[in-house]
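What follows is a single structure, written as structure tokens, with notes after it.
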Amino acid sequence: MTSPTILQATDLSFSYPDHEVFKNISLALPAGVTVIRGGDGRGKTSLIRVLAGELKASSGQLAINGVRLDEQAAQYKQQVYYVDPRTEAFDQLSVPDYFASVKARFPDFDDAALPELLEGLSLTPHAEKKLFMLSTGSKRKVYLAGAFAAGAAVNLLDDPFASLDKSSINFVSEVLAGFAEQGDQSPQVWVASFYETPAEIAAREIIDLGD
């Protein structure tokens, strides 16, 4: 039995004024983990931002659960968890306030998961701080914890290992491996970009943008 498609891309292309980044990518992603791999400058971040609706594709269509980005942009984006890991937009929020803002967007947010996520990402000592007080790595961990608890239909993670310590990388790998194993039991798509595909994550799809 074929798994139902959650995130669909049809002939997706994206260019900057001075160069083409990717062309005619078509995807039909079911629940589970999809990996985008590629070297520096190959378009991993651009593709994730296009999938999030943050960058406008040069051509092509995107839909989540049948909701097309070009027809119902707000409803499309309501189904997506994506945070630019370099953003300063949440710096004045405390960690609990950030999670409250995620919960307000996603009705399936799992409060009960937060203590384990904070512990696994070594965030417990920072659990009450404002985000501007955190290191780059710790801010990224907060955004990852938000993704893992949100319950969004589509979750987009741009280089989730960047700036993380080894134990946190292992924890993120374990969580993603768990989502990969759940597959259709959990109706969520996880798209994560890496330089190399982590061996421990059983990806359903690999989008290879080249080296």
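Residues are named by chain letter and number: chains run A, B, ... in the order of the structure tokens, numbers start at 1 in each chain, and ligands are numbered from 1 in the order shown.
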
As a tab-separated table (two decimals) with N, CA and C atoms, in the first residue's frame, please: the residues near Tyr143 (chain A) (cut-off 7 Å, only C-alpha atoms, same-chain neighbours under 4 positions excluded).
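So selection.tsv came out as:
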```tsv
chain	number	residue	atom	x	y	z
A	83	VAL	N	12.01	27.56	11.40
A	83	VAL	CA	12.64	28.74	12.01
A	83	VAL	C	14.03	28.89	11.38
A	139	LYS	N	20.42	28.44	21.27
A	139	LYS	CA	19.24	28.95	20.57
A	139	LYS	C	18.76	27.93	19.53
A	147	ALA	N	10.39	22.27	17.38
A	147	ALA	CA	9.98	21.41	16.25
A	147	ALA	C	9.52	20.05	16.75
```

*Find the residues near Val102 (chain A): any atom within 10 Å, counting only C-alpha atoms, skip ones fewer than 4 places away on the same chain, and give them as a PyMOL selection string.*
chain A and resi 81+96-98+106-107+109+143+146-147+149-152

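You can rank A:Asp158, A:Glu174, A:Glu205, A:Asp91 by their closest distance to Ser193 (chain A) using only C-alpha atoms, and at the top of that list sits A:Asp158.
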
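Proximity of A:Ala180, A:Val191, A:Thr136, A:Ser186 to Leu164 (chain A), computed with only C-alpha atoms, is greatest for A:Thr136.
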
_Can you pull out every residue from region 19-159 of chain A that DSSP, working from the backbone, puts in strand (DSSP E or B), and format the result as a PyMOL selection string?_
chain A and resi 19-29+32-37+59-64+67-68+80-82+94+130+154-157

Go ahead and dump the residues you just picked, N, CA and C atoms, as a short mmCIF file (atom, residue, chain, number, x, y, z; two decimals), in the first residue's frame.
```
data_model
loop_
_atom_site.label_atom_id
_atom_site.label_comp_id
_atom_site.auth_asym_id
_atom_site.auth_seq_id
_atom_site.Cartn_x
_atom_site.Cartn_y
_atom_site.Cartn_z
N HIS A 19 22.23 33.59 -10.61
CA HIS A 19 22.46 32.16 -10.89
C HIS A 19 21.25 31.31 -10.51
N GLU A 20 21.16 30.18 -11.21
CA GLU A 20 20.12 29.18 -10.93
C GLU A 20 20.56 28.31 -9.76
N VAL A 21 19.68 28.09 -8.81
CA VAL A 21 20.02 27.30 -7.62
C VAL A 21 19.59 25.84 -7.79
N PHE A 22 18.33 25.62 -8.16
CA PHE A 22 17.89 24.27 -8.49
C PHE A 22 16.74 24.37 -9.49
N LYS A 23 16.48 23.25 -10.19
CA LYS A 23 15.53 23.29 -11.31
C LYS A 23 14.70 22.01 -11.35
N ASN A 24 13.41 22.19 -11.52
CA ASN A 24 12.46 21.10 -11.80
C ASN A 24 12.54 19.96 -10.78
N ILE A 25 12.49 20.33 -9.49
CA ILE A 25 12.44 19.31 -8.43
C ILE A 25 10.98 18.96 -8.18
N SER A 26 10.65 17.68 -8.30
CA SER A 26 9.31 17.19 -7.99
C SER A 26 9.41 16.17 -6.86
N LEU A 27 8.55 16.34 -5.85
CA LEU A 27 8.59 15.50 -4.65
C LEU A 27 7.17 15.10 -4.28
N ALA A 28 7.02 13.91 -3.74
CA ALA A 28 5.75 13.48 -3.16
C ALA A 28 6.11 12.80 -1.84
N LEU A 29 6.20 13.60 -0.78
CA LEU A 29 6.78 13.12 0.47
C LEU A 29 5.70 12.61 1.42
N GLY A 32 7.47 10.61 7.67
CA GLY A 32 8.82 10.10 7.87
C GLY A 32 9.85 11.18 7.62
N VAL A 33 11.09 10.79 7.48
CA VAL A 33 12.20 11.73 7.36
C VAL A 33 12.74 11.74 5.93
N THR A 34 12.85 12.93 5.37
CA THR A 34 13.49 13.15 4.08
C THR A 34 14.75 13.97 4.31
N VAL A 35 15.84 13.57 3.69
CA VAL A 35 17.12 14.25 3.85
C VAL A 35 17.46 15.01 2.57
N ILE A 36 17.83 16.29 2.74
CA ILE A 36 18.43 17.05 1.65
C ILE A 36 19.93 17.07 1.90
N ARG A 37 20.69 16.56 0.98
CA ARG A 37 22.14 16.59 1.17
C ARG A 37 22.80 17.36 0.02
N SER A 59 9.43 28.93 -10.33
CA SER A 59 8.34 28.23 -11.01
C SER A 59 8.01 26.98 -10.21
N GLY A 60 6.85 26.41 -10.50
CA GLY A 60 6.44 25.18 -9.83
C GLY A 60 5.36 25.42 -8.79
N GLN A 61 4.88 24.32 -8.21
CA GLN A 61 3.80 24.36 -7.23
C GLN A 61 4.18 23.59 -5.98
N LEU A 62 3.60 24.03 -4.85
CA LEU A 62 3.76 23.34 -3.57
C LEU A 62 2.40 23.14 -2.93
N ALA A 63 2.22 21.98 -2.29
CA ALA A 63 0.98 21.72 -1.56
C ALA A 63 1.28 20.86 -0.34
N ILE A 64 0.57 21.14 0.75
CA ILE A 64 0.62 20.29 1.95
C ILE A 64 -0.79 19.81 2.23
N VAL A 67 -3.42 21.48 0.26
CA VAL A 67 -3.53 22.94 0.34
C VAL A 67 -2.37 23.56 -0.43
N ARG A 68 -2.68 24.28 -1.50
CA ARG A 68 -1.63 24.82 -2.36
C ARG A 68 -1.14 26.17 -1.84
N VAL A 80 3.30 24.32 8.68
CA VAL A 80 4.77 24.22 8.58
C VAL A 80 5.44 24.76 9.83
N TYR A 81 6.36 23.96 10.40
CA TYR A 81 7.28 24.49 11.42
C TYR A 81 8.62 24.72 10.74
N TYR A 82 9.01 25.99 10.70
CA TYR A 82 10.32 26.36 10.18
C TYR A 82 10.79 27.60 10.92
N SER A 94 11.49 34.61 26.53
CA SER A 94 12.12 33.57 27.34
C SER A 94 11.87 32.22 26.66
N LYS A 130 16.04 34.30 28.62
CA LYS A 130 15.62 34.86 27.34
C LYS A 130 16.59 34.39 26.26
N VAL A 154 4.39 19.46 8.59
CA VAL A 154 5.67 19.52 7.90
C VAL A 154 6.66 20.28 8.77
N ASN A 155 7.82 19.68 8.99
CA ASN A 155 8.85 20.25 9.85
C ASN A 155 10.14 20.35 9.04
N LEU A 156 10.69 21.57 8.94
CA LEU A 156 11.85 21.83 8.10
C LEU A 156 13.02 22.25 8.96
N LEU A 157 14.09 21.46 8.93
CA LEU A 157 15.26 21.68 9.78
C LEU A 157 16.48 21.94 8.91
#
```

Per residue of region 71-142 of chain A within 12 Å of region 3-18 of chain A, record the nearest atom pair and its distance in Å to one decimal, counting only C-alpha atoms, with rows in chain order and ascending residue number, as a Markdown table.
```
| residue | atom | partner | partner_atom | distance |
| --- | --- | --- | --- | --- |
| A:Tyr76 | CA | A:Leu7 | CA | 10.2 |
| A:Lys77 | CA | A:Leu7 | CA | 12.0 |
| A:Gln79 | CA | A:Leu7 | CA | 10.2 |
| A:Val80 | CA | A:Leu7 | CA | 10.2 |
```

Using the selection just defined, write its residues with N, CA and C atoms as a compact mmCIF listing (two decimals), in the first residue's frame.
```txt
# COMPACT_ATOMS: atom_id res chain seq x y z
N TYR A 76 -1.44 27.05 4.11
CA TYR A 76 -0.24 26.24 3.85
C TYR A 76 0.77 26.44 4.98
N LYS A 77 1.07 27.72 5.29
CA LYS A 77 2.11 28.01 6.28
C LYS A 77 1.70 27.60 7.69
N GLN A 79 0.66 24.88 8.50
CA GLN A 79 1.01 23.46 8.64
C GLN A 79 2.52 23.24 8.71
N VAL A 80 3.30 24.32 8.68
CA VAL A 80 4.77 24.22 8.58
C VAL A 80 5.44 24.76 9.83
```

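When only C-alpha atoms are used to compute distances to Lys166 (chain A), the closest of the residues A:Val142, A:Leu55, A:Ile206, A:Leu121 turns out to be A:Leu121.
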
*Taking the backbone alone, and naming residues the way the document does, which bits of region 24-120 of chain A are alpha helix (DSSP H) by DSSP, as a PyMOL selection string?*
chain A and resi 44-52+73-77+95-105+114-120

Could you dump the residues just selected with N, CA and C atoms as an mmCIF file, in the first residue's frame?
```
data_model
loop_
_atom_site.group_PDB
_atom_site.id
_atom_site.type_symbol
_atom_site.label_atom_id
_atom_site.label_comp_id
_atom_site.auth_asym_id
_atom_site.auth_seq_id
_atom_site.Cartn_x
_atom_site.Cartn_y
_atom_site.Cartn_z
ATOM 1 N N LYS A 44 20.773 23.927 -0.326
ATOM 2 C CA LYS A 44 20.023 23.234 0.731
ATOM 3 C C LYS A 44 19.122 24.215 1.488
ATOM 4 N N THR A 45 19.710 25.323 1.938
ATOM 5 C CA THR A 45 18.929 26.308 2.689
ATOM 6 C C THR A 45 17.860 26.941 1.810
ATOM 7 N N SER A 46 18.196 27.251 0.576
ATOM 8 C CA SER A 46 17.216 27.849 -0.334
ATOM 9 C C SER A 46 16.023 26.924 -0.541
ATOM 10 N N LEU A 47 16.289 25.630 -0.728
ATOM 11 C CA LEU A 47 15.195 24.683 -0.939
ATOM 12 C C LEU A 47 14.304 24.613 0.300
ATOM 13 N N ILE A 48 14.904 24.564 1.473
ATOM 14 C CA ILE A 48 14.102 24.514 2.696
ATOM 15 C C ILE A 48 13.248 25.776 2.834
ATOM 16 N N ARG A 49 13.820 26.930 2.517
ATOM 17 C CA ARG A 49 13.064 28.176 2.630
ATOM 18 C C ARG A 49 11.956 28.263 1.583
ATOM 19 N N VAL A 50 12.176 27.697 0.413
ATOM 20 C CA VAL A 50 11.109 27.636 -0.599
ATOM 21 C C VAL A 50 9.980 26.723 -0.109
ATOM 22 N N LEU A 51 10.345 25.556 0.437
ATOM 23 C CA LEU A 51 9.330 24.633 0.964
ATOM 24 C C LEU A 51 8.531 25.276 2.093
ATOM 25 N N ALA A 52 9.193 26.148 2.869
ATOM 26 C CA ALA A 52 8.529 26.825 3.982
ATOM 27 C C ALA A 52 7.622 27.961 3.520
ATOM 28 N N ALA A 73 -2.020 30.608 0.899
ATOM 29 C CA ALA A 73 -0.695 30.722 1.521
ATOM 30 C C ALA A 73 -0.766 30.608 3.044
ATOM 31 N N ALA A 74 -1.727 31.286 3.672
ATOM 32 C CA ALA A 74 -1.807 31.265 5.136
ATOM 33 C C ALA A 74 -2.075 29.856 5.643
ATOM 34 N N GLN A 75 -3.011 29.152 4.986
ATOM 35 C CA GLN A 75 -3.341 27.790 5.426
ATOM 36 C C GLN A 75 -2.177 26.832 5.189
ATOM 37 N N TYR A 76 -1.438 27.049 4.114
ATOM 38 C CA TYR A 76 -0.239 26.244 3.852
ATOM 39 C C TYR A 76 0.765 26.441 4.981
ATOM 40 N N LYS A 77 1.065 27.720 5.290
ATOM 41 C CA LYS A 77 2.107 28.007 6.281
ATOM 42 C C LYS A 77 1.703 27.597 7.688
ATOM 43 N N VAL A 95 12.595 31.213 27.099
ATOM 44 C CA VAL A 95 12.399 29.873 26.521
ATOM 45 C C VAL A 95 10.949 29.413 26.685
ATOM 46 N N PRO A 96 10.337 29.541 27.899
ATOM 47 C CA PRO A 96 8.920 29.145 28.008
ATOM 48 C C PRO A 96 8.002 29.980 27.119
ATOM 49 N N ASP A 97 8.306 31.279 26.979
ATOM 50 C CA ASP A 97 7.482 32.119 26.099
ATOM 51 C C ASP A 97 7.592 31.677 24.646
ATOM 52 N N TYR A 98 8.791 31.266 24.241
ATOM 53 C CA TYR A 98 8.951 30.777 22.873
ATOM 54 C C TYR A 98 8.089 29.535 22.655
ATOM 55 N N PHE A 99 8.161 28.592 23.598
ATOM 56 C CA PHE A 99 7.349 27.383 23.445
ATOM 57 C C PHE A 99 5.853 27.713 23.451
ATOM 58 N N ALA A 100 5.458 28.709 24.247
ATOM 59 C CA ALA A 100 4.053 29.127 24.266
ATOM 60 C C ALA A 100 3.644 29.683 22.903
ATOM 61 N N SER A 101 4.565 30.391 22.243
ATOM 62 C CA SER A 101 4.249 30.936 20.921
ATOM 63 C C SER A 101 4.091 29.821 19.891
ATOM 64 N N VAL A 102 4.890 28.752 20.039
ATOM 65 C CA VAL A 102 4.751 27.600 19.136
ATOM 66 C C VAL A 102 3.429 26.884 19.406
ATOM 67 N N LYS A 103 3.108 26.716 20.685
ATOM 68 C CA LYS A 103 1.852 26.044 21.055
ATOM 69 C C LYS A 103 0.644 26.798 20.517
ATOM 70 N N ALA A 104 0.737 28.129 20.492
ATOM 71 C CA ALA A 104 -0.375 28.939 19.988
ATOM 72 C C ALA A 104 -0.610 28.712 18.498
ATOM 73 N N ARG A 105 0.431 28.315 17.781
ATOM 74 C CA ARG A 105 0.318 28.085 16.335
ATOM 75 C C ARG A 105 -0.106 26.660 16.002
ATOM 76 N N LEU A 114 8.267 18.249 26.562
ATOM 77 C CA LEU A 114 9.288 19.281 26.761
ATOM 78 C C LEU A 114 10.366 18.922 27.787
ATOM 79 N N PRO A 115 10.024 18.385 28.971
ATOM 80 C CA PRO A 115 11.097 18.084 29.931
ATOM 81 C C PRO A 115 12.169 17.155 29.365
ATOM 82 N N GLU A 116 11.735 16.104 28.653
ATOM 83 C CA GLU A 116 12.699 15.165 28.060
ATOM 84 C C GLU A 116 13.516 15.841 26.966
ATOM 85 N N LEU A 117 12.869 16.707 26.172
ATOM 86 C CA LEU A 117 13.590 17.411 25.119
ATOM 87 C C LEU A 117 14.617 18.375 25.702
ATOM 88 N N LEU A 118 14.237 19.111 26.735
ATOM 89 C CA LEU A 118 15.170 20.041 27.375
ATOM 90 C C LEU A 118 16.355 19.296 27.969
ATOM 91 N N GLU A 119 16.071 18.155 28.592
ATOM 92 C CA GLU A 119 17.146 17.355 29.186
ATOM 93 C C GLU A 119 18.054 16.784 28.104
ATOM 94 N N GLY A 120 17.455 16.229 27.061
ATOM 95 C CA GLY A 120 18.231 15.597 25.994
ATOM 96 C C GLY A 120 19.113 16.572 25.241
#
```

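For the atom pair formed by CA of Thr124 (chain A) and CA of Ser168 (chain A), the distance is 12.6 Å, given to one decimal.
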
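Distance check against Ala31 (chain A) using only C-alpha atoms: of A:Thr2, A:Glu128, A:Gly137, A:Asp70, the minimum falls on A:Thr2.
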
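Computed from the coordinates, the CA of Ile169 (chain A) to CA of Ala113 (chain A) distance equals 18.1 Å.
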
*One decimal, Å: what's the distance from CA of Arg204 (chain A) over to CA of Ser173 (chain A), could you say?*
15.0 Å

*Quick one: of A:Pro160, A:Gly43, A:Pro30, A:Gly183, who's nearest to Pro85 (chain A), counting only C-alpha atoms?*
A:Pro160

*Determine the nearest neighbour of Phe90 (chain A) from the options A:Ala202, A:Leu131, A:Glu54, A:Phe171, counting only C-alpha atoms.*
A:Leu131
